[in-house]
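J.: You'll find entry.cif just under this line, and it carries mmCIF, N, CA and C atoms.
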data_entry
loop_
_atom_site.label_atom_id
_atom_site.label_comp_id
_atom_site.auth_asym_id
_atom_site.auth_seq_id
_atom_site.Cartn_x
_atom_site.Cartn_y
_atom_site.Cartn_z
N MET E 1 -41.74 -76.94 76.40
CA MET E 1 -42.52 -77.80 75.54
C MET E 1 -43.54 -78.53 76.41
N SER E 2 -44.79 -78.50 75.96
CA SER E 2 -45.84 -79.18 76.71
C SER E 2 -46.64 -80.07 75.78
N LEU E 3 -47.23 -81.05 76.38
CA LEU E 3 -48.03 -82.01 75.63
C LEU E 3 -49.38 -82.08 76.30
N SER E 4 -50.41 -81.97 75.49
CA SER E 4 -51.75 -82.13 76.06
C SER E 4 -52.52 -83.16 75.24
N LEU E 5 -53.39 -83.84 75.93
CA LEU E 5 -54.16 -84.91 75.31
C LEU E 5 -55.61 -84.73 75.73
N GLU E 6 -56.47 -84.72 74.76
CA GLU E 6 -57.89 -84.58 75.06
C GLU E 6 -58.61 -85.83 74.55
N LEU E 7 -59.29 -86.50 75.45
CA LEU E 7 -60.08 -87.68 75.08
C LEU E 7 -61.54 -87.27 74.97
N ARG E 8 -62.08 -87.40 73.78
CA ARG E 8 -63.49 -87.06 73.57
C ARG E 8 -64.29 -88.36 73.47
N GLY E 9 -65.42 -88.33 74.07
CA GLY E 9 -66.30 -89.49 73.99
C GLY E 9 -65.95 -90.60 74.96
N PHE E 10 -65.00 -90.36 75.85
CA PHE E 10 -64.58 -91.41 76.78
C PHE E 10 -65.71 -91.80 77.73
N ASP E 11 -66.49 -90.84 78.20
CA ASP E 11 -67.59 -91.15 79.10
C ASP E 11 -68.65 -92.01 78.41
N GLU E 12 -68.94 -91.68 77.15
CA GLU E 12 -69.90 -92.48 76.40
C GLU E 12 -69.37 -93.90 76.19
N PHE E 13 -68.09 -93.99 75.91
CA PHE E 13 -67.48 -95.31 75.71
C PHE E 13 -67.51 -96.13 77.00
N ARG E 14 -67.25 -95.48 78.11
CA ARG E 14 -67.29 -96.18 79.40
C ARG E 14 -68.71 -96.69 79.68
N ARG E 15 -69.72 -95.86 79.40
CA ARG E 15 -71.11 -96.31 79.60
C ARG E 15 -71.43 -97.48 78.67
N PHE E 16 -70.94 -97.41 77.44
CA PHE E 16 -71.14 -98.51 76.49
C PHE E 16 -70.54 -99.80 77.03
N LEU E 17 -69.32 -99.74 77.54
CA LEU E 17 -68.68 -100.94 78.08
C LEU E 17 -69.40 -101.45 79.32
N LYS E 18 -69.90 -100.54 80.13
CA LYS E 18 -70.59 -100.95 81.35
C LYS E 18 -71.85 -101.76 81.02
N ASP E 19 -72.58 -101.34 80.02
CA ASP E 19 -73.83 -102.01 79.64
C ASP E 19 -73.63 -103.12 78.62
N PHE E 20 -72.44 -103.23 78.09
CA PHE E 20 -72.20 -104.14 76.98
C PHE E 20 -72.52 -105.60 77.32
N GLY E 21 -72.10 -106.06 78.47
CA GLY E 21 -72.32 -107.46 78.84
C GLY E 21 -73.78 -107.83 78.86
N SER E 22 -74.61 -107.00 79.48
CA SER E 22 -76.04 -107.32 79.56
C SER E 22 -76.70 -107.21 78.19
N ARG E 23 -76.25 -106.26 77.37
CA ARG E 23 -76.84 -106.13 76.03
C ARG E 23 -76.44 -107.29 75.13
N VAL E 24 -75.21 -107.76 75.25
CA VAL E 24 -74.79 -108.91 74.45
C VAL E 24 -75.54 -110.16 74.91
N LYS E 25 -75.75 -110.27 76.22
CA LYS E 25 -76.51 -111.42 76.72
C LYS E 25 -77.91 -111.44 76.12
N LEU E 26 -78.56 -110.30 76.06
CA LEU E 26 -79.89 -110.23 75.45
C LEU E 26 -79.84 -110.56 73.96
N ALA E 27 -78.81 -110.07 73.28
CA ALA E 27 -78.65 -110.36 71.86
C ALA E 27 -78.44 -111.85 71.64
N MET E 28 -77.67 -112.49 72.51
CA MET E 28 -77.44 -113.94 72.40
C MET E 28 -78.73 -114.72 72.65
N GLU E 29 -79.53 -114.27 73.61
CA GLU E 29 -80.81 -114.93 73.87
C GLU E 29 -81.73 -114.80 72.68
N ASP E 30 -81.78 -113.61 72.07
CA ASP E 30 -82.59 -113.41 70.86
C ASP E 30 -82.11 -114.33 69.74
N ALA E 31 -80.80 -114.42 69.57
CA ALA E 31 -80.23 -115.26 68.51
C ALA E 31 -80.56 -116.73 68.76
N ALA E 32 -80.48 -117.15 70.01
CA ALA E 32 -80.78 -118.56 70.34
C ALA E 32 -82.24 -118.88 70.06
N GLU E 33 -83.13 -117.97 70.42
CA GLU E 33 -84.55 -118.20 70.16
C GLU E 33 -84.85 -118.23 68.67
N GLU E 34 -84.27 -117.31 67.93
CA GLU E 34 -84.48 -117.29 66.48
C GLU E 34 -83.91 -118.55 65.84
N SER E 35 -82.76 -119.00 66.31
CA SER E 35 -82.13 -120.21 65.77
C SER E 35 -82.95 -121.44 66.08
N SER E 36 -83.48 -121.53 67.30
CA SER E 36 -84.28 -122.70 67.64
C SER E 36 -85.58 -122.73 66.85
N ARG E 37 -86.16 -121.57 66.55
CA ARG E 37 -87.35 -121.54 65.69
C ARG E 37 -87.03 -122.05 64.29
N LEU E 38 -85.89 -121.62 63.77
CA LEU E 38 -85.45 -122.04 62.43
C LEU E 38 -85.24 -123.56 62.38
N ILE E 39 -84.55 -124.11 63.36
CA ILE E 39 -84.26 -125.54 63.38
C ILE E 39 -85.54 -126.35 63.60
N ALA E 40 -86.41 -125.88 64.49
CA ALA E 40 -87.67 -126.59 64.74
C ALA E 40 -88.53 -126.62 63.49
N GLN E 41 -88.56 -125.53 62.76
CA GLN E 41 -89.33 -125.48 61.51
C GLN E 41 -88.80 -126.51 60.51
N LYS E 42 -87.49 -126.58 60.38
CA LYS E 42 -86.90 -127.56 59.46
C LYS E 42 -87.15 -128.98 59.94
N ALA E 43 -87.01 -129.22 61.24
CA ALA E 43 -87.24 -130.56 61.79
C ALA E 43 -88.68 -131.00 61.54
N ARG E 44 -89.64 -130.09 61.71
CA ARG E 44 -91.04 -130.43 61.42
C ARG E 44 -91.23 -130.80 59.96
N SER E 45 -90.51 -130.11 59.09
CA SER E 45 -90.70 -130.37 57.66
C SER E 45 -90.11 -131.72 57.22
N ILE E 46 -89.13 -132.25 57.96
CA ILE E 46 -88.52 -133.52 57.54
C ILE E 46 -88.85 -134.69 58.46
N ALA E 47 -89.60 -134.43 59.53
CA ALA E 47 -89.97 -135.51 60.45
C ALA E 47 -90.87 -136.51 59.73
N PRO E 48 -90.69 -137.80 60.00
CA PRO E 48 -91.57 -138.80 59.39
C PRO E 48 -93.03 -138.53 59.77
N ARG E 49 -93.93 -138.77 58.82
CA ARG E 49 -95.35 -138.47 59.06
C ARG E 49 -96.19 -139.74 58.98
N ARG E 50 -96.34 -140.37 60.09
CA ARG E 50 -97.25 -141.52 60.12
C ARG E 50 -98.61 -141.04 60.62
N THR E 51 -98.62 -140.44 61.79
CA THR E 51 -99.86 -139.88 62.33
C THR E 51 -99.79 -138.35 62.40
N GLY E 52 -98.58 -137.80 62.34
CA GLY E 52 -98.39 -136.36 62.46
C GLY E 52 -98.15 -135.90 63.89
N ARG E 53 -98.27 -136.81 64.86
CA ARG E 53 -98.06 -136.42 66.26
C ARG E 53 -96.62 -136.00 66.51
N LEU E 54 -95.67 -136.73 65.94
CA LEU E 54 -94.25 -136.37 66.12
C LEU E 54 -93.99 -134.99 65.56
N ARG E 55 -94.40 -134.78 64.33
CA ARG E 55 -94.18 -133.49 63.66
C ARG E 55 -94.82 -132.35 64.46
N ASP E 56 -96.05 -132.57 64.92
CA ASP E 56 -96.77 -131.52 65.64
C ASP E 56 -96.21 -131.25 67.03
N SER E 57 -95.43 -132.19 67.56
CA SER E 57 -94.89 -132.01 68.91
C SER E 57 -93.56 -131.25 68.93
N ILE E 58 -92.99 -130.98 67.78
CA ILE E 58 -91.69 -130.29 67.71
C ILE E 58 -91.92 -128.79 67.91
N ARG E 59 -91.31 -128.25 68.96
CA ARG E 59 -91.49 -126.85 69.31
C ARG E 59 -90.18 -126.22 69.78
N PRO E 60 -89.93 -124.98 69.35
CA PRO E 60 -88.78 -124.26 69.92
C PRO E 60 -89.13 -123.86 71.34
N SER E 61 -88.14 -123.91 72.20
CA SER E 61 -88.35 -123.55 73.60
C SER E 61 -87.10 -122.84 74.10
N GLY E 62 -87.07 -121.53 73.91
CA GLY E 62 -85.90 -120.76 74.31
C GLY E 62 -84.66 -121.22 73.57
N PHE E 63 -83.69 -121.78 74.30
CA PHE E 63 -82.45 -122.23 73.69
C PHE E 63 -82.55 -123.65 73.14
N MET E 64 -83.67 -124.31 73.39
CA MET E 64 -83.78 -125.72 73.03
C MET E 64 -84.93 -125.95 72.06
N ILE E 65 -84.97 -127.20 71.59
CA ILE E 65 -86.08 -127.65 70.77
C ILE E 65 -86.68 -128.84 71.50
N GLU E 66 -87.95 -128.75 71.81
CA GLU E 66 -88.63 -129.84 72.50
C GLU E 66 -89.36 -130.70 71.49
N VAL E 67 -89.29 -132.00 71.71
CA VAL E 67 -90.07 -132.95 70.94
C VAL E 67 -90.83 -133.76 71.98
N ARG E 68 -92.12 -133.52 72.08
CA ARG E 68 -92.89 -133.99 73.22
C ARG E 68 -93.73 -135.23 72.93
N VAL E 69 -93.14 -136.20 72.29
CA VAL E 69 -93.75 -137.52 72.21
C VAL E 69 -92.74 -138.52 72.76
N PRO E 70 -93.19 -139.55 73.45
CA PRO E 70 -92.25 -140.44 74.13
C PRO E 70 -91.37 -141.27 73.19
N TYR E 71 -91.75 -141.38 71.94
CA TYR E 71 -90.99 -142.22 71.01
C TYR E 71 -90.05 -141.42 70.11
N ALA E 72 -89.87 -140.14 70.37
CA ALA E 72 -89.05 -139.29 69.50
C ALA E 72 -87.62 -139.81 69.38
N ALA E 73 -87.01 -140.20 70.48
CA ALA E 73 -85.63 -140.69 70.45
C ALA E 73 -85.53 -141.98 69.64
N HIS E 74 -86.55 -142.83 69.72
CA HIS E 74 -86.54 -144.08 68.94
C HIS E 74 -86.57 -143.79 67.44
N VAL E 75 -87.34 -142.79 67.05
CA VAL E 75 -87.40 -142.41 65.64
C VAL E 75 -86.07 -141.79 65.21
N GLU E 76 -85.55 -140.89 66.02
CA GLU E 76 -84.31 -140.18 65.68
C GLU E 76 -83.11 -141.13 65.60
N PHE E 77 -82.98 -142.03 66.55
CA PHE E 77 -81.79 -142.88 66.64
C PHE E 77 -82.02 -144.33 66.23
N GLY E 78 -83.26 -144.75 66.13
CA GLY E 78 -83.56 -146.13 65.79
C GLY E 78 -83.51 -147.04 67.00
N THR E 79 -83.91 -148.27 66.78
CA THR E 79 -83.86 -149.31 67.81
C THR E 79 -83.32 -150.58 67.16
N ARG E 80 -83.28 -151.64 67.92
CA ARG E 80 -82.84 -152.92 67.33
C ARG E 80 -83.79 -153.35 66.21
N ARG E 81 -85.04 -152.99 66.36
CA ARG E 81 -86.06 -153.45 65.40
C ARG E 81 -86.48 -152.39 64.39
N MET E 82 -86.02 -151.16 64.58
CA MET E 82 -86.47 -150.08 63.71
C MET E 82 -85.28 -149.23 63.28
N GLU E 83 -85.18 -149.01 62.00
CA GLU E 83 -84.11 -148.17 61.48
C GLU E 83 -84.35 -146.71 61.87
N ALA E 84 -83.28 -146.00 62.12
CA ALA E 84 -83.37 -144.58 62.48
C ALA E 84 -83.95 -143.78 61.32
N GLN E 85 -84.74 -142.79 61.68
CA GLN E 85 -85.28 -141.82 60.72
C GLN E 85 -85.00 -140.42 61.27
N PRO E 86 -83.73 -140.03 61.22
CA PRO E 86 -83.34 -138.76 61.85
C PRO E 86 -84.10 -137.56 61.28
N PHE E 87 -84.49 -136.68 62.13
CA PHE E 87 -85.15 -135.44 61.73
C PHE E 87 -84.55 -134.23 62.43
N LEU E 88 -84.06 -134.41 63.64
CA LEU E 88 -83.51 -133.28 64.39
C LEU E 88 -82.06 -133.01 64.02
N ARG E 89 -81.24 -134.06 63.98
CA ARG E 89 -79.83 -133.86 63.63
C ARG E 89 -79.67 -133.29 62.22
N PRO E 90 -80.41 -133.79 61.22
CA PRO E 90 -80.28 -133.17 59.89
C PRO E 90 -80.75 -131.71 59.87
N ALA E 91 -81.78 -131.41 60.66
CA ALA E 91 -82.26 -130.02 60.71
C ALA E 91 -81.18 -129.10 61.26
N ILE E 92 -80.46 -129.58 62.26
CA ILE E 92 -79.36 -128.79 62.83
C ILE E 92 -78.23 -128.67 61.81
N SER E 93 -77.84 -129.79 61.21
CA SER E 93 -76.73 -129.77 60.24
C SER E 93 -77.00 -128.86 59.06
N GLU E 94 -78.23 -128.90 58.56
CA GLU E 94 -78.57 -128.08 57.39
C GLU E 94 -78.59 -126.59 57.71
N ASN E 95 -78.79 -126.25 58.96
CA ASN E 95 -78.95 -124.84 59.31
C ASN E 95 -77.80 -124.26 60.12
N ILE E 96 -76.74 -125.01 60.31
CA ILE E 96 -75.65 -124.53 61.17
C ILE E 96 -75.04 -123.22 60.66
N GLY E 97 -74.91 -123.09 59.35
CA GLY E 97 -74.39 -121.84 58.78
C GLY E 97 -75.31 -120.67 59.04
N LYS E 98 -76.62 -120.89 58.90
CA LYS E 98 -77.59 -119.83 59.18
C LYS E 98 -77.58 -119.45 60.66
N VAL E 99 -77.42 -120.46 61.51
CA VAL E 99 -77.37 -120.19 62.95
C VAL E 99 -76.15 -119.33 63.29
N ARG E 100 -75.01 -119.67 62.71
CA ARG E 100 -73.81 -118.84 62.94
C ARG E 100 -74.05 -117.41 62.49
N ASN E 101 -74.68 -117.25 61.33
CA ASN E 101 -74.96 -115.90 60.82
C ASN E 101 -75.91 -115.14 61.72
N ILE E 102 -76.90 -115.83 62.26
CA ILE E 102 -77.85 -115.17 63.17
C ILE E 102 -77.12 -114.64 64.39
N PHE E 103 -76.27 -115.48 64.99
CA PHE E 103 -75.53 -115.04 66.18
C PHE E 103 -74.58 -113.90 65.83
N ARG E 104 -73.86 -114.04 64.73
CA ARG E 104 -72.91 -112.99 64.34
C ARG E 104 -73.63 -111.67 64.09
N THR E 105 -74.73 -111.72 63.37
CA THR E 105 -75.47 -110.51 63.04
C THR E 105 -76.02 -109.82 64.29
N LYS E 106 -76.58 -110.61 65.20
CA LYS E 106 -77.14 -110.02 66.43
C LYS E 106 -76.05 -109.32 67.25
N ILE E 107 -74.89 -109.96 67.36
CA ILE E 107 -73.80 -109.36 68.14
C ILE E 107 -73.24 -108.14 67.43
N GLU E 108 -73.06 -108.23 66.11
CA GLU E 108 -72.56 -107.08 65.36
C GLU E 108 -73.54 -105.91 65.45
N ASP E 109 -74.83 -106.18 65.36
CA ASP E 109 -75.82 -105.12 65.48
C ASP E 109 -75.75 -104.44 66.84
N GLU E 110 -75.52 -105.24 67.89
CA GLU E 110 -75.40 -104.69 69.23
C GLU E 110 -74.17 -103.82 69.34
N LEU E 111 -73.07 -104.27 68.77
CA LEU E 111 -71.84 -103.46 68.78
C LEU E 111 -72.05 -102.15 68.05
N ARG E 112 -72.66 -102.21 66.89
CA ARG E 112 -72.88 -100.99 66.10
C ARG E 112 -73.81 -100.02 66.81
N SER E 113 -74.87 -100.55 67.42
CA SER E 113 -75.81 -99.65 68.09
C SER E 113 -75.17 -98.95 69.28
N GLY E 114 -74.26 -99.62 69.95
CA GLY E 114 -73.59 -99.03 71.10
C GLY E 114 -72.53 -98.01 70.72
N LEU E 115 -72.01 -98.10 69.52
CA LEU E 115 -70.94 -97.20 69.11
C LEU E 115 -71.47 -95.96 68.38
N ARG E 116 -72.77 -95.84 68.26
CA ARG E 116 -73.34 -94.66 67.58
C ARG E 116 -73.43 -93.50 68.50
#
Let's see the structure in the file written out as structure tokens.
T.:
Amino acid sequence: MSLSLELRGFDEFRRFLKDFGSRVKLAMEDAAEESSRLIAQKARSIAPRRTGRLRDSIRPSGFMIEVRVPYAAHVEFGTRRMEAQPFLRPAISENIGKVRNIFRTKIEDELRSGLR
């Protein structure tokens, strides 16, 4: 009595695993950039508009969102003399589900493309 085992596609699977880390890293970077664009767009839409400088300074920057006016933190968190008018935290809260979906979709797409 003999037993034989044939593994088909093992070499392709090994190549997939070898490249998987770098491909997932790229997918995560894409997801982070797409997510930051989404959040920045929402933050611009809800930022207080006195002169428009605050709103116009909100930009996605890779994994982050930059707000390039010196008083942005005062508007977001308030001061002793000024009530907070949050724009960034609500933008994140409103889009957290979409951000999760973006990351999940990018990673799932990478998995599917590697298994074809």
J.: I need the residues in chain E that are strand (DSSP E or B) according to DSSP; give them as a PyMOL selection string.
T.: chain E and resi 58-61+64-67
J.: I need the residues of segment 19-100 of chain E that end up classed as alpha helix (DSSP H) by DSSP on the backbone, written out as a ChimeraX atom specification.
T.: /E:19-46,53-57,72-77,88-100
J.: Once you have the residues from the selection above, write them out as a compact mmCIF listing (two decimals), in the frame of the given file, restricted to N, CA and C atoms.
T.:
# COMPACT_ATOMS: atom_id res chain seq x y z
N ASP E 19 -72.58 -101.34 80.02
CA ASP E 19 -73.83 -102.01 79.64
C ASP E 19 -73.63 -103.12 78.62
N PHE E 20 -72.44 -103.23 78.09
CA PHE E 20 -72.20 -104.14 76.98
C PHE E 20 -72.52 -105.60 77.32
N GLY E 21 -72.10 -106.06 78.47
CA GLY E 21 -72.32 -107.46 78.84
C GLY E 21 -73.78 -107.83 78.86
N SER E 22 -74.61 -107.00 79.48
CA SER E 22 -76.04 -107.32 79.56
C SER E 22 -76.70 -107.21 78.19
N ARG E 23 -76.25 -106.26 77.37
CA ARG E 23 -76.84 -106.13 76.03
C ARG E 23 -76.44 -107.29 75.13
N VAL E 24 -75.21 -107.76 75.25
CA VAL E 24 -74.79 -108.91 74.45
C VAL E 24 -75.54 -110.16 74.91
N LYS E 25 -75.75 -110.27 76.22
CA LYS E 25 -76.51 -111.42 76.72
C LYS E 25 -77.91 -111.44 76.12
N LEU E 26 -78.56 -110.30 76.06
CA LEU E 26 -79.89 -110.23 75.45
C LEU E 26 -79.84 -110.56 73.96
N ALA E 27 -78.81 -110.07 73.28
CA ALA E 27 -78.65 -110.36 71.86
C ALA E 27 -78.44 -111.85 71.64
N MET E 28 -77.67 -112.49 72.51
CA MET E 28 -77.44 -113.94 72.40
C MET E 28 -78.73 -114.72 72.65
N GLU E 29 -79.53 -114.27 73.61
CA GLU E 29 -80.81 -114.93 73.87
C GLU E 29 -81.73 -114.80 72.68
N ASP E 30 -81.78 -113.61 72.07
CA ASP E 30 -82.59 -113.41 70.86
C ASP E 30 -82.11 -114.33 69.74
N ALA E 31 -80.80 -114.42 69.57
CA ALA E 31 -80.23 -115.26 68.51
C ALA E 31 -80.56 -116.73 68.76
N ALA E 32 -80.48 -117.15 70.01
CA ALA E 32 -80.78 -118.56 70.34
C ALA E 32 -82.24 -118.88 70.06
N GLU E 33 -83.13 -117.97 70.42
CA GLU E 33 -84.55 -118.20 70.16
C GLU E 33 -84.85 -118.23 68.67
N GLU E 34 -84.27 -117.31 67.93
CA GLU E 34 -84.48 -117.29 66.48
C GLU E 34 -83.91 -118.55 65.84
N SER E 35 -82.76 -119.00 66.31
CA SER E 35 -82.13 -120.21 65.77
C SER E 35 -82.95 -121.44 66.08
N SER E 36 -83.48 -121.53 67.30
CA SER E 36 -84.28 -122.70 67.64
C SER E 36 -85.58 -122.73 66.85
N ARG E 37 -86.16 -121.57 66.55
CA ARG E 37 -87.35 -121.54 65.69
C ARG E 37 -87.03 -122.05 64.29
N LEU E 38 -85.89 -121.62 63.77
CA LEU E 38 -85.45 -122.04 62.43
C LEU E 38 -85.24 -123.56 62.38
N ILE E 39 -84.55 -124.11 63.36
CA ILE E 39 -84.26 -125.54 63.38
C ILE E 39 -85.54 -126.35 63.60
N ALA E 40 -86.41 -125.88 64.49
CA ALA E 40 -87.67 -126.59 64.74
C ALA E 40 -88.53 -126.62 63.49
N GLN E 41 -88.56 -125.53 62.76
CA GLN E 41 -89.33 -125.48 61.51
C GLN E 41 -88.80 -126.51 60.51
N LYS E 42 -87.49 -126.58 60.38
CA LYS E 42 -86.90 -127.56 59.46
C LYS E 42 -87.15 -128.98 59.94
N ALA E 43 -87.01 -129.22 61.24
CA ALA E 43 -87.24 -130.56 61.79
C ALA E 43 -88.68 -131.00 61.54
N ARG E 44 -89.64 -130.09 61.71
CA ARG E 44 -91.04 -130.43 61.42
C ARG E 44 -91.23 -130.80 59.96
N SER E 45 -90.51 -130.11 59.09
CA SER E 45 -90.70 -130.37 57.66
C SER E 45 -90.11 -131.72 57.22
N ILE E 46 -89.13 -132.25 57.96
CA ILE E 46 -88.52 -133.52 57.54
C ILE E 46 -88.85 -134.69 58.46
N ARG E 53 -98.27 -136.81 64.86
CA ARG E 53 -98.06 -136.42 66.26
C ARG E 53 -96.62 -136.00 66.51
N LEU E 54 -95.67 -136.73 65.94
CA LEU E 54 -94.25 -136.37 66.12
C LEU E 54 -93.99 -134.99 65.56
N ARG E 55 -94.40 -134.78 64.33
CA ARG E 55 -94.18 -133.49 63.66
C ARG E 55 -94.82 -132.35 64.46
N ASP E 56 -96.05 -132.57 64.92
CA ASP E 56 -96.77 -131.52 65.64
C ASP E 56 -96.21 -131.25 67.03
N SER E 57 -95.43 -132.19 67.56
CA SER E 57 -94.89 -132.01 68.91
C SER E 57 -93.56 -131.25 68.93
N ALA E 72 -89.87 -140.14 70.37
CA ALA E 72 -89.05 -139.29 69.50
C ALA E 72 -87.62 -139.81 69.38
N ALA E 73 -87.01 -140.20 70.48
CA ALA E 73 -85.63 -140.69 70.45
C ALA E 73 -85.53 -141.98 69.64
N HIS E 74 -86.55 -142.83 69.72
CA HIS E 74 -86.54 -144.08 68.94
C HIS E 74 -86.57 -143.79 67.44
N VAL E 75 -87.34 -142.79 67.05
CA VAL E 75 -87.40 -142.41 65.64
C VAL E 75 -86.07 -141.79 65.21
N GLU E 76 -85.55 -140.89 66.02
CA GLU E 76 -84.31 -140.18 65.68
C GLU E 76 -83.11 -141.13 65.60
N PHE E 77 -82.98 -142.03 66.55
CA PHE E 77 -81.79 -142.88 66.64
C PHE E 77 -82.02 -144.33 66.23
N LEU E 88 -84.06 -134.41 63.64
CA LEU E 88 -83.51 -133.28 64.39
C LEU E 88 -82.06 -133.01 64.02
N ARG E 89 -81.24 -134.06 63.98
CA ARG E 89 -79.83 -133.86 63.63
C ARG E 89 -79.67 -133.29 62.22
N PRO E 90 -80.41 -133.79 61.22
CA PRO E 90 -80.28 -133.17 59.89
C PRO E 90 -80.75 -131.71 59.87
N ALA E 91 -81.78 -131.41 60.66
CA ALA E 91 -82.26 -130.02 60.71
C ALA E 91 -81.18 -129.10 61.26
N ILE E 92 -80.46 -129.58 62.26
CA ILE E 92 -79.36 -128.79 62.83
C ILE E 92 -78.23 -128.67 61.81
N SER E 93 -77.84 -129.79 61.21
CA SER E 93 -76.73 -129.77 60.24
C SER E 93 -77.00 -128.86 59.06
N GLU E 94 -78.23 -128.90 58.56
CA GLU E 94 -78.57 -128.08 57.39
C GLU E 94 -78.59 -126.59 57.71
N ASN E 95 -78.79 -126.25 58.96
CA ASN E 95 -78.95 -124.84 59.31
C ASN E 95 -77.80 -124.26 60.12
N ILE E 96 -76.74 -125.01 60.31
CA ILE E 96 -75.65 -124.53 61.17
C ILE E 96 -75.04 -123.22 60.66
N GLY E 97 -74.91 -123.09 59.35
CA GLY E 97 -74.39 -121.84 58.78
C GLY E 97 -75.31 -120.67 59.04
N LYS E 98 -76.62 -120.89 58.90
CA LYS E 98 -77.59 -119.83 59.18
C LYS E 98 -77.58 -119.45 60.66
N VAL E 99 -77.42 -120.46 61.51
CA VAL E 99 -77.37 -120.19 62.95
C VAL E 99 -76.15 -119.33 63.29
N ARG E 100 -75.01 -119.67 62.71
CA ARG E 100 -73.81 -118.84 62.94
C ARG E 100 -74.05 -117.41 62.49
J.: For Pro90 of chain E, which of E:Lys25, E:Lys42, E:Arg8, E:Lys18 is the closest residue, counting only N, CA and C atoms?
T.: E:Lys42
J.: Which polymer residues have any atom within 7 Å of an atom of Ser36 of chain E, counting only C-alpha atoms, with same-chain residues fewer than 6 positions away left out, as a PyMOL selection string?
T.: chain E and resi 60+63-65
J.: Taking the file as shown, what set of residues would the PyMOL selection byres (((chain E and resi 29 and name CA) around 12) and name CA) give back, as a list in words?
T.: Ser22, Arg23, Val24, Lys25, Leu26, Ala27, Met28, Asp30, Ala31, Ala32, Glu33, Glu34, Ser35, Ser36, Ser61, Gly62, Phe63, Met64, Ile102, Phe103, Lys106 and Ile107 of chain E
J.: Using the chain letters and numbers from this file, what does the PyMOL selection byres (((chain E and resi 47-58 and name CA) around 12) and name CA) select? Give the answer as number ranges by chain.
T.: E: 36-46, 59-61, 64-76, 84-91
J.: Report the distance between atom CA of Gly21 of chain E and atom CA of Arg112 of chain E in Å, rounded to one decimal place.
T.: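 Distance between the two atoms: 14.3 Å.
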J.: Can you measure atom CA of Ile92 of chain E to atom CA of Arg104 of chain E for me? One decimal in Å is fine.
T.: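 That distance, rounded to one decimal, is 17.1 Å.
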